There are 2 protein chains.
Amino acid sequence: MPVPERAEAVERVCLRDAAYDRLRAWILDGTLAPGEPLRDEALAEALGMSRTPVREALARLAEEDLVVTAPNRRTHVSPVTLAQAREIYPMVAALEALALALALPRMTAEALDRMRAANARLAEALRACDARAALDADRALHGEIIAASGNRELQATLEQLECKVQRIERAFWGATDRTPSLSDHAELISCLEARDAKRAQRALTRNWERGLAWITPKPTRDEATP
Amino acid sequence: MPVPERAEAVERVCLRDAAYDRLRAWILDGTLAPGEPLRDEALAEALGMSRTPVREALARLAEEDLVVTAPNRRTHVSPVTLAQAREIYPMVAALEALALALALPRMTAEALDRMRAANARLAEALRACDARAALDADRALHGEIIAASGNRELQATLEQLECKVQRIERAFWGATDRTPSLSDHAELISCLEARDAKRAQRALTRNWERGLAWITPKPTRDEATP
DNA sequence: CCGCGGTATATTGTATACAGAATACGGAAA
DNA sequence: TTTCCGTATTCTGTATACAATATACCGCGG
């Protein structure tokens with residue numbers, strides 16, 4: 001009998017990777033709040049392991065700026081600021097525009113359907129004021145473009161940036177009406193279907209600009225009343 | 001007497017950071033070649049420390065894809081491929097275009113002078129066929145734009161990408177005539193001086209496209225002879 | 001009352017010891 | 001000879017021990 005093919009590795013047997021995954025998840029979902037001090041012994045105890053794998057996980061998290069650390073000084077969950085948002089959002093917009101250009105000829109009907117489904121989930125989440133579900137749906141929608149780009153490096157870099165975006169959104173999510181995002185997405189999808197790169201990129205860029213405006217205090221009103 | 005201001009921290013007292021810096025430098029300058037196996041005990045001995053700080057350094061390097069590692073399997077210096085180059089160069093071009101847009105109103109005459117000086121160094125290095133000096137000069141020139149953008153996140157992300165670019169260039173540097181880069185740069189500088197964003201971005205994009213073509217085997221001739 | 005200095009404690013950074021997995025080697029069978 | 005399997009060795013992953021630094025607390029002097 002032929003040996004069954006097994007595409008993926010069986011499982012994670014590495015404590016340091018488990019620690020990394022857990023800590024990362026805790027930071028992204030807010031379980032570990034920005035600024036929170038992290039004593040590695042406490043983390044080790046919480047994760048049921050010794051300090052060694054925890055410290056290796058923290059080294060990786062420090063590398064991607066999810067925690068800040070200084071020699072002989074306590075490690076902290078890195079802060080989340082609006083200044084950071086103003087820097088990151090344009091970068092994500094630029095890279096997703098590149099992803100879109102690469103993805104345009106490769107977008108399948110199935111991918112477009114998944115985007116429509118994600119937009120529907122987003123609408124539902126916004127109606128229910130469920131920030132978490134909304135963020136997940138939005139991420140899934142944009143993720144389709146990134147995945148379709150076929151550019152692994154782009155995916156990796158955007159993954160890092162998107163996880164910062166996720167923390168920012170969680171930190172600054174307000175009562176703003178985010179329904180305009182739905183029409184941005186709808187236009188984006190139809191432009192993708194029509195293979196209209198220019199207009200699709202405009203819709204995408206507008207969407208990210210809106211996202212930034214929604215979390216920035218007094219977005220447009222202030223500028224209109226000098 | 002007033003206490004003298006000291007902008008930078010005194011020194012590095014952290015073995016893990018020292019290990020990170022050294023290993024990173026060795027990988028970037030080719031001392032540790034792509035694919036080379038890394039036994040952490042050997043590295044520890046070479047660096048005069050124990051395995052613990054070395055392993056933390058390797059965890060960080062793995063996070064930025066300079067080394068590849070799998071559980072219970074030897075760590076290797078990550079390979080450098082043309083496929084990676086084709087993915088990364090457009091990303092760098094897109095992000096530098098963003099940097100340029102941000103930097104345009106902030107470019108000082110001094111910064112432009114430094115760019116001209118870097119371009120002169122590049123010319124000299126190309127004449128002398130000194131790949132290393134050429135890469136350094138090119139990096140310095142582009143770095144001026146990135147620095148002037150004032151966007152720290154952009155700087156950090158580009159830093160990571162540029163270090164991959166550096167490995168790629170080192171690996172695939174050939175006998176190609178790279179002098180066209182000099183005129184790209186000259187036009188870029190004069191457009192910056194004239195605050196002409198559109199043309200500056202075109203020059204910059206063209207420069208990166210050329211860079212990719214130079215390392216890609218049979219760049220244009222093959223396409224012209226079907 | 002506040003600031004300063006000194007000691008005690010807590011916590012980090014590094015080294016080392018040990019267990020387990022993977023590789024290398026060598027011998028037996030086809 | 002080649003292939004397969006079992007053993008030995010090497011290397012990795014984790015735990016723990018120890019040293020050094022930073023923080024916290026408390027008493028002293030201004």
# chains A, B, ... in the order shown; residues from 1 in each chain; ligands from 1
>>> calpha_fit_and_write(fixed="chain B", moving="chain A", output="PDB file with C-alpha atoms, in the first residue's frame")
ATOM      1  CA  MET A   1      29.165  72.114  37.100  1.00  0.00           C
ATOM      2  CA  PRO A   2      26.286  70.906  35.006  1.00  0.00           C
ATOM      3  CA  VAL A   3      26.222  67.280  34.019  1.00  0.00           C
ATOM      4  CA  PRO A   4      27.127  66.960  30.349  1.00  0.00           C
ATOM      5  CA  GLU A   5      24.234  65.771  28.212  1.00  0.00           C
ATOM      6  CA  ARG A   6      24.757  62.403  26.649  1.00  0.00           C
ATOM      7  CA  ALA A   7      22.501  61.744  23.686  1.00  0.00           C
ATOM      8  CA  GLU A   8      23.377  58.105  23.069  1.00  0.00           C
ATOM      9  CA  ALA A   9      23.665  55.164  25.403  1.00  0.00           C
ATOM     10  CA  VAL A  10      27.246  54.513  26.301  1.00  0.00           C
ATOM     11  CA  GLU A  11      27.881  51.114  24.798  1.00  0.00           C
ATOM     12  CA  ARG A  12      26.624  47.627  24.174  1.00  0.00           C
ATOM     13  CA  VAL A  13      27.056  45.385  27.183  1.00  0.00           C
ATOM     14  CA  CYS A  14      24.758  42.681  25.977  1.00  0.00           C
ATOM     15  CA  LEU A  15      26.285  39.533  24.521  1.00  0.00           C
ATOM     16  CA  ARG A  16      23.112  38.570  22.703  1.00  0.00           C
ATOM     17  CA  ASP A  17      23.046  41.907  20.891  1.00  0.00           C
ATOM     18  CA  ALA A  18      26.720  41.630  20.054  1.00  0.00           C
ATOM     19  CA  ALA A  19      26.093  38.141  18.684  1.00  0.00           C
ATOM     20  CA  TYR A  20      23.170  39.421  16.637  1.00  0.00           C
ATOM     21  CA  ASP A  21      25.192  42.283  15.177  1.00  0.00           C
ATOM     22  CA  ARG A  22      28.149  40.090  14.302  1.00  0.00           C
ATOM     23  CA  LEU A  23      26.142  37.263  12.777  1.00  0.00           C
ATOM     24  CA  ARG A  24      24.029  39.697  10.814  1.00  0.00           C
ATOM     25  CA  ALA A  25      27.113  41.427   9.473  1.00  0.00           C
ATOM     26  CA  TRP A  26      28.682  38.079   8.566  1.00  0.00           C
ATOM     27  CA  ILE A  27      25.585  37.038   6.674  1.00  0.00           C
ATOM     28  CA  LEU A  28      25.233  40.347   4.859  1.00  0.00           C
ATOM     29  CA  ASP A  29      28.860  40.556   3.772  1.00  0.00           C
ATOM     30  CA  GLY A  30      28.957  36.950   2.669  1.00  0.00           C
ATOM     31  CA  THR A  31      31.334  35.697   5.340  1.00  0.00           C
ATOM     32  CA  LEU A  32      28.579  33.248   6.129  1.00  0.00           C
ATOM     33  CA  ALA A  33      27.435  32.079   2.711  1.00  0.00           C
ATOM     34  CA  PRO A  34      23.821  31.255   1.849  1.00  0.00           C
ATOM     35  CA  GLY A  35      22.984  27.699   2.792  1.00  0.00           C
ATOM     36  CA  GLU A  36      25.823  27.421   5.264  1.00  0.00           C
ATOM     37  CA  PRO A  37      24.937  25.313   8.307  1.00  0.00           C
ATOM     38  CA  LEU A  38      25.200  27.060  11.656  1.00  0.00           C
ATOM     39  CA  ARG A  39      25.928  24.963  14.728  1.00  0.00           C
ATOM     40  CA  ASP A  40      25.270  27.156  17.673  1.00  0.00           C
ATOM     41  CA  GLU A  41      28.092  25.654  19.703  1.00  0.00           C
ATOM     42  CA  ALA A  42      30.565  26.529  16.953  1.00  0.00           C
ATOM     43  CA  LEU A  43      29.160  30.041  16.740  1.00  0.00           C
ATOM     44  CA  ALA A  44      29.330  30.379  20.506  1.00  0.00           C
ATOM     45  CA  GLU A  45      32.976  29.386  20.452  1.00  0.00           C
ATOM     46  CA  ALA A  46      33.732  31.713  17.563  1.00  0.00           C
ATOM     47  CA  LEU A  47      32.118  34.605  19.405  1.00  0.00           C
ATOM     48  CA  GLY A  48      33.622  33.727  22.752  1.00  0.00           C
ATOM     49  CA  MET A  49      30.377  33.189  24.575  1.00  0.00           C
ATOM     50  CA  SER A  50      27.983  30.391  25.496  1.00  0.00           C
ATOM     51  CA  ARG A  51      25.154  29.052  23.399  1.00  0.00           C
ATOM     52  CA  THR A  52      22.422  30.977  25.191  1.00  0.00           C
ATOM     53  CA  PRO A  53      23.010  34.454  23.741  1.00  0.00           C
ATOM     54  CA  VAL A  54      23.814  32.914  20.358  1.00  0.00           C
ATOM     55  CA  ARG A  55      20.482  31.146  20.292  1.00  0.00           C
ATOM     56  CA  GLU A  56      18.619  34.336  21.144  1.00  0.00           C
ATOM     57  CA  ALA A  57      20.435  36.077  18.310  1.00  0.00           C
ATOM     58  CA  LEU A  58      19.525  33.246  15.934  1.00  0.00           C
ATOM     59  CA  ALA A  59      15.890  33.531  16.971  1.00  0.00           C
ATOM     60  CA  ARG A  60      15.930  37.182  15.923  1.00  0.00           C
ATOM     61  CA  LEU A  61      17.719  36.413  12.669  1.00  0.00           C
ATOM     62  CA  ALA A  62      15.171  33.702  11.908  1.00  0.00           C
ATOM     63  CA  GLU A  63      12.418  36.243  12.457  1.00  0.00           C
ATOM     64  CA  GLU A  64      13.791  38.419   9.672  1.00  0.00           C
ATOM     65  CA  ASP A  65      14.483  35.437   7.411  1.00  0.00           C
ATOM     66  CA  LEU A  66      18.234  35.741   7.416  1.00  0.00           C
ATOM     67  CA  VAL A  67      18.471  32.206   8.722  1.00  0.00           C
ATOM     68  CA  VAL A  68      16.073  29.311   8.400  1.00  0.00           C
ATOM     69  CA  THR A  69      15.480  26.918  11.218  1.00  0.00           C
ATOM     70  CA  ALA A  70      13.329  23.903  12.017  1.00  0.00           C
ATOM     71  CA  PRO A  71      12.892  22.101  15.324  1.00  0.00           C
ATOM     72  CA  ASN A  72      15.744  19.722  16.121  1.00  0.00           C
ATOM     73  CA  ARG A  73      17.226  20.462  12.751  1.00  0.00           C
ATOM     74  CA  ARG A  74      20.308  22.390  11.888  1.00  0.00           C
ATOM     75  CA  THR A  75      20.004  26.140  11.357  1.00  0.00           C
ATOM     76  CA  HIS A  76      21.150  27.379   7.945  1.00  0.00           C
ATOM     77  CA  VAL A  77      21.902  30.742   6.461  1.00  0.00           C
ATOM     78  CA  SER A  78      18.876  31.378   4.291  1.00  0.00           C
ATOM     79  CA  PRO A  79      19.322  30.932   0.540  1.00  0.00           C
ATOM     80  CA  VAL A  80      19.289  33.833  -1.893  1.00  0.00           C
ATOM     81  CA  THR A  81      17.282  33.378  -5.070  1.00  0.00           C
ATOM     82  CA  LEU A  82      16.296  35.338  -8.130  1.00  0.00           C
ATOM     83  CA  ALA A  83      12.676  34.517  -7.386  1.00  0.00           C
ATOM     84  CA  GLN A  84      13.088  36.381  -4.122  1.00  0.00           C
ATOM     85  CA  ALA A  85      14.627  39.300  -5.976  1.00  0.00           C
ATOM     86  CA  ARG A  86      11.670  39.495  -8.345  1.00  0.00           C
ATOM     87  CA  GLU A  87       9.381  39.673  -5.347  1.00  0.00           C
ATOM     88  CA  ILE A  88      11.358  42.142  -3.287  1.00  0.00           C
ATOM     89  CA  TYR A  89      12.485  44.739  -5.798  1.00  0.00           C
ATOM     90  CA  PRO A  90       8.966  45.930  -6.655  1.00  0.00           C
ATOM     91  CA  MET A  91       8.197  46.192  -2.965  1.00  0.00           C
ATOM     92  CA  VAL A  92      11.229  48.332  -2.319  1.00  0.00           C
ATOM     93  CA  ALA A  93      10.383  50.450  -5.335  1.00  0.00           C
ATOM     94  CA  ALA A  94       6.849  51.011  -4.060  1.00  0.00           C
ATOM     95  CA  LEU A  95       7.960  51.889  -0.546  1.00  0.00           C
ATOM     96  CA  GLU A  96      10.748  54.159  -1.721  1.00  0.00           C
ATOM     97  CA  ALA A  97       8.239  55.925  -3.951  1.00  0.00           C
ATOM     98  CA  LEU A  98       6.192  56.558  -0.831  1.00  0.00           C
ATOM     99  CA  ALA A  99       9.304  57.729   0.987  1.00  0.00           C
ATOM    100  CA  LEU A 100      10.028  60.074  -1.883  1.00  0.00           C
ATOM    101  CA  ALA A 101       6.567  61.612  -1.726  1.00  0.00           C
ATOM    102  CA  LEU A 102       6.981  62.211   2.001  1.00  0.00           C
ATOM    103  CA  ALA A 103      10.546  63.430   1.650  1.00  0.00           C
ATOM    104  CA  LEU A 104       9.996  65.798  -1.244  1.00  0.00           C
ATOM    105  CA  PRO A 105       9.052  68.879   0.766  1.00  0.00           C
ATOM    106  CA  ARG A 106      11.690  68.087   3.380  1.00  0.00           C
ATOM    107  CA  MET A 107      14.779  67.507   1.269  1.00  0.00           C
ATOM    108  CA  THR A 108      17.435  70.012   2.299  1.00  0.00           C
ATOM    109  CA  ALA A 109      20.204  71.286   0.071  1.00  0.00           C
ATOM    110  CA  GLU A 110      22.643  69.389   2.284  1.00  0.00           C
ATOM    111  CA  ALA A 111      20.794  66.124   1.722  1.00  0.00           C
ATOM    112  CA  LEU A 112      20.830  66.698  -2.021  1.00  0.00           C
ATOM    113  CA  ASP A 113      24.561  67.390  -1.835  1.00  0.00           C
ATOM    114  CA  ARG A 114      25.073  64.136   0.037  1.00  0.00           C
ATOM    115  CA  MET A 115      23.134  62.350  -2.698  1.00  0.00           C
ATOM    116  CA  ARG A 116      25.351  63.919  -5.343  1.00  0.00           C
ATOM    117  CA  ALA A 117      28.422  62.892  -3.404  1.00  0.00           C
ATOM    118  CA  ALA A 118      27.092  59.334  -3.110  1.00  0.00           C
ATOM    119  CA  ASN A 119      26.461  59.243  -6.845  1.00  0.00           C
ATOM    120  CA  ALA A 120      30.036  60.373  -7.442  1.00  0.00           C
ATOM    121  CA  ARG A 121      31.305  57.592  -5.176  1.00  0.00           C
ATOM    122  CA  LEU A 122      29.119  55.171  -7.116  1.00  0.00           C
ATOM    123  CA  ALA A 123      30.630  56.342 -10.403  1.00  0.00           C
ATOM    124  CA  GLU A 124      34.108  55.894  -9.034  1.00  0.00           C
ATOM    125  CA  ALA A 125      33.282  52.439  -7.667  1.00  0.00           C
ATOM    126  CA  LEU A 126      31.785  51.324 -10.970  1.00  0.00           C
ATOM    127  CA  ARG A 127      34.879  52.557 -12.795  1.00  0.00           C
ATOM    128  CA  ALA A 128      37.024  50.556 -10.400  1.00  0.00           C
ATOM    129  CA  CYS A 129      34.691  47.547 -10.595  1.00  0.00           C
ATOM    130  CA  ASP A 130      34.401  47.608  -6.797  1.00  0.00           C
ATOM    131  CA  ALA A 131      31.041  45.954  -6.165  1.00  0.00           C
ATOM    132  CA  ARG A 132      31.105  46.492  -2.438  1.00  0.00           C
ATOM    133  CA  ALA A 133      31.823  50.208  -2.651  1.00  0.00           C
ATOM    134  CA  ALA A 134      29.190  50.548  -5.359  1.00  0.00           C
ATOM    135  CA  LEU A 135      26.554  48.883  -3.213  1.00  0.00           C
ATOM    136  CA  ASP A 136      27.476  51.064  -0.255  1.00  0.00           C
ATOM    137  CA  ALA A 137      27.252  54.250  -2.316  1.00  0.00           C
ATOM    138  CA  ASP A 138      23.939  53.226  -3.874  1.00  0.00           C
ATOM    139  CA  ARG A 139      22.559  52.422  -0.456  1.00  0.00           C
ATOM    140  CA  ALA A 140      23.695  55.761   0.903  1.00  0.00           C
ATOM    141  CA  LEU A 141      22.035  57.618  -1.944  1.00  0.00           C
ATOM    142  CA  HIS A 142      18.678  55.891  -1.568  1.00  0.00           C
ATOM    143  CA  GLY A 143      19.039  56.139   2.195  1.00  0.00           C
ATOM    144  CA  GLU A 144      18.951  59.927   2.019  1.00  0.00           C
ATOM    145  CA  ILE A 145      15.428  59.834   0.649  1.00  0.00           C
ATOM    146  CA  ILE A 146      14.299  57.330   3.215  1.00  0.00           C
ATOM    147  CA  ALA A 147      15.818  59.320   6.050  1.00  0.00           C
ATOM    148  CA  ALA A 148      14.250  62.543   4.794  1.00  0.00           C
ATOM    149  CA  SER A 149      10.818  60.924   4.751  1.00  0.00           C
ATOM    150  CA  GLY A 150      10.777  61.157   8.540  1.00  0.00           C
ATOM    151  CA  ASN A 151       8.707  57.994   8.715  1.00  0.00           C
ATOM    152  CA  ARG A 152      10.344  55.670  11.219  1.00  0.00           C
ATOM    153  CA  GLU A 153       8.196  52.671  10.391  1.00  0.00           C
ATOM    154  CA  LEU A 154       9.006  53.083   6.739  1.00  0.00           C
ATOM    155  CA  GLN A 155      12.673  53.311   7.573  1.00  0.00           C
ATOM    156  CA  ALA A 156      12.507  50.149   9.640  1.00  0.00           C
ATOM    157  CA  THR A 157      10.657  48.129   7.012  1.00  0.00           C
ATOM    158  CA  LEU A 158      12.899  49.324   4.209  1.00  0.00           C
ATOM    159  CA  GLU A 159      15.942  48.564   6.309  1.00  0.00           C
ATOM    160  CA  GLN A 160      14.838  44.939   6.493  1.00  0.00           C
ATOM    161  CA  LEU A 161      14.141  44.744   2.794  1.00  0.00           C
ATOM    162  CA  GLU A 162      17.344  46.554   1.822  1.00  0.00           C
ATOM    163  CA  CYS A 163      19.379  44.051   3.733  1.00  0.00           C
ATOM    164  CA  LYS A 164      17.845  41.283   1.664  1.00  0.00           C
ATOM    165  CA  VAL A 165      18.567  43.374  -1.416  1.00  0.00           C
ATOM    166  CA  GLN A 166      22.156  43.650  -0.321  1.00  0.00           C
ATOM    167  CA  ARG A 167      22.512  39.867  -0.143  1.00  0.00           C
ATOM    168  CA  ILE A 168      20.859  39.489  -3.523  1.00  0.00           C
ATOM    169  CA  GLU A 169      23.098  42.049  -5.167  1.00  0.00           C
ATOM    170  CA  ARG A 170      26.168  40.444  -3.662  1.00  0.00           C
ATOM    171  CA  ALA A 171      25.092  37.020  -4.843  1.00  0.00           C
ATOM    172  CA  PHE A 172      24.164  37.966  -8.387  1.00  0.00           C
ATOM    173  CA  TRP A 173      26.508  40.865  -9.096  1.00  0.00           C
ATOM    174  CA  GLY A 174      27.716  40.365 -12.652  1.00  0.00           C
ATOM    175  CA  ALA A 175      29.721  42.094 -15.335  1.00  0.00           C
ATOM    176  CA  THR A 176      26.759  44.181 -16.470  1.00  0.00           C
ATOM    177  CA  ASP A 177      27.303  47.814 -17.269  1.00  0.00           C
ATOM    178  CA  ARG A 178      25.620  49.652 -14.434  1.00  0.00           C
ATOM    179  CA  THR A 179      26.483  53.170 -15.465  1.00  0.00           C
ATOM    180  CA  PRO A 180      22.858  53.923 -16.517  1.00  0.00           C
ATOM    181  CA  SER A 181      22.130  53.971 -12.798  1.00  0.00           C
ATOM    182  CA  LEU A 182      24.192  57.136 -12.566  1.00  0.00           C
ATOM    183  CA  SER A 183      21.919  59.043 -14.909  1.00  0.00           C
ATOM    184  CA  ASP A 184      18.819  57.704 -13.124  1.00  0.00           C
ATOM    185  CA  HIS A 185      20.231  59.080  -9.913  1.00  0.00           C
ATOM    186  CA  ALA A 186      21.200  62.370 -11.487  1.00  0.00           C
ATOM    187  CA  GLU A 187      17.697  62.844 -12.822  1.00  0.00           C
ATOM    188  CA  LEU A 188      16.243  61.780  -9.482  1.00  0.00           C
ATOM    189  CA  ILE A 189      18.308  64.382  -7.691  1.00  0.00           C
ATOM    190  CA  SER A 190      17.441  67.195 -10.071  1.00  0.00           C
ATOM    191  CA  CYS A 191      13.743  66.319  -9.895  1.00  0.00           C
ATOM    192  CA  LEU A 192      13.948  66.378  -6.122  1.00  0.00           C
ATOM    193  CA  GLU A 193      15.583  69.759  -6.284  1.00  0.00           C
ATOM    194  CA  ALA A 194      12.800  70.967  -8.584  1.00  0.00           C
ATOM    195  CA  ARG A 195      10.210  69.348  -6.253  1.00  0.00           C
ATOM    196  CA  ASP A 196       8.816  67.337  -9.170  1.00  0.00           C
ATOM    197  CA  ALA A 197       7.376  64.265  -7.466  1.00  0.00           C
ATOM    198  CA  LYS A 198       5.998  62.516 -10.539  1.00  0.00           C
ATOM    199  CA  ARG A 199       9.209  62.571 -12.544  1.00  0.00           C
ATOM    200  CA  ALA A 200      11.324  61.777  -9.504  1.00  0.00           C
ATOM    201  CA  GLN A 201       9.208  58.694  -8.813  1.00  0.00           C
ATOM    202  CA  ARG A 202       9.534  57.623 -12.425  1.00  0.00           C
ATOM    203  CA  ALA A 203      13.311  57.900 -12.244  1.00  0.00           C
ATOM    204  CA  LEU A 204      13.341  55.947  -8.996  1.00  0.00           C
ATOM    205  CA  THR A 205      11.109  53.197 -10.320  1.00  0.00           C
ATOM    206  CA  ARG A 206      13.156  52.924 -13.489  1.00  0.00           C
ATOM    207  CA  ASN A 207      16.280  52.615 -11.394  1.00  0.00           C
ATOM    208  CA  TRP A 208      14.882  49.647  -9.471  1.00  0.00           C
ATOM    209  CA  GLU A 209      13.606  48.010 -12.637  1.00  0.00           C
ATOM    210  CA  ARG A 210      17.058  48.298 -14.122  1.00  0.00           C
ATOM    211  CA  GLY A 211      18.561  46.848 -10.964  1.00  0.00           C
ATOM    212  CA  LEU A 212      16.339  43.817 -11.254  1.00  0.00           C
ATOM    213  CA  ALA A 213      17.035  43.417 -14.965  1.00  0.00           C
ATOM    214  CA  TRP A 214      20.780  43.502 -14.350  1.00  0.00           C
ATOM    215  CA  ILE A 215      20.728  40.496 -12.080  1.00  0.00           C
ATOM    216  CA  THR A 216      18.078  38.558 -13.987  1.00  0.00           C
ATOM    217  CA  PRO A 217      19.672  36.282 -16.567  1.00  0.00           C
ATOM    218  CA  LYS A 218      19.214  37.367 -20.215  1.00  0.00           C
ATOM    219  CA  PRO A 219      17.220  40.436 -19.276  1.00  0.00           C
ATOM    220  CA  THR A 220      15.935  42.019 -22.477  1.00  0.00           C
ATOM    221  CA  ARG A 221      17.784  40.314 -25.314  1.00  0.00           C
ATOM    222  CA  ASP A 222      15.918  37.094 -24.775  1.00  0.00           C
ATOM    223  CA  GLU A 223      12.565  38.774 -25.071  1.00  0.00           C
ATOM    224  CA  ALA A 224      13.657  40.446 -28.289  1.00  0.00           C
ATOM    225  CA  THR A 225      14.626  37.139 -29.966  1.00  0.00           C
ATOM    226  CA  PRO A 226      11.626  34.822 -29.914  1.00  0.00           C
TER     227      PRO A 226
END
>>> select_by_dssp(residues="segment 73-184 of chain B", states="alpha helix (DSSP H)", output="PyMOL selection string")
chain B and resi 82-103+109-127+131-149+152-172+180-184
>>> interface_residues(of="chain D", to="chain B", cutoff="12 Å", atoms="only C-alpha atoms (C1' of nucleotides)", output="list of chain:residue names")
D:DT10, D:DC11, D:DT12, D:DG13, D:DT14, D:DA20, D:DT21
>>> select_by_dssp(residues="chain A", states="strand (DSSP E or B)", output="count of residues only")
7
>>> residues_around(residues="DC4 of chain D", least_positions_apart="6", cutoff="10 Å", atoms="only C-alpha atoms (C1' of nucleotides)", output="count of residues only")
3
>>> closest_atom_pairs(of="chain C", to="chain B", cutoff="12 Å", atoms="only C-alpha atoms (C1' of nucleotides)", output="Markdown table")
| residue | atom | partner | partner_atom | distance |
| --- | --- | --- | --- | --- |
| C:DT12 | C1' | B:Cys14 | CA | 11.1 |
| C:DG13 | C1' | B:Cys14 | CA | 7.8 |
| C:DT14 | C1' | B:Thr52 | CA | 6.8 |
| C:DA15 | C1' | B:Ser50 | CA | 6.2 |
| C:DT16 | C1' | B:Ser50 | CA | 8.8 |
| C:DG20 | C1' | B:Asn72 | CA | 9.4 |
| C:DA21 | C1' | B:Asn72 | CA | 6.2 |
| C:DA22 | C1' | B:Asn72 | CA | 7.0 |
| C:DT23 | C1' | B:Arg73 | CA | 9.7 |
>>> write_last_selection(atoms="C-alpha atoms (C1' of nucleotides)", output="compact mmCIF listing (two decimals), in the first residue's frame")
# COMPACT_ATOMS: atom_id res chain seq x y z
C1' DT C 12 17.45 39.80 34.12
C1' DG C 13 21.54 37.74 31.49
C1' DT C 14 24.54 33.93 30.86
C1' DA C 15 26.47 29.40 31.58
C1' DT C 16 25.90 24.67 32.04
C1' DG C 20 15.55 13.69 23.21
C1' DA C 21 15.72 13.85 18.27
C1' DA C 22 18.32 13.54 14.01
C1' DT C 23 22.29 12.23 11.54
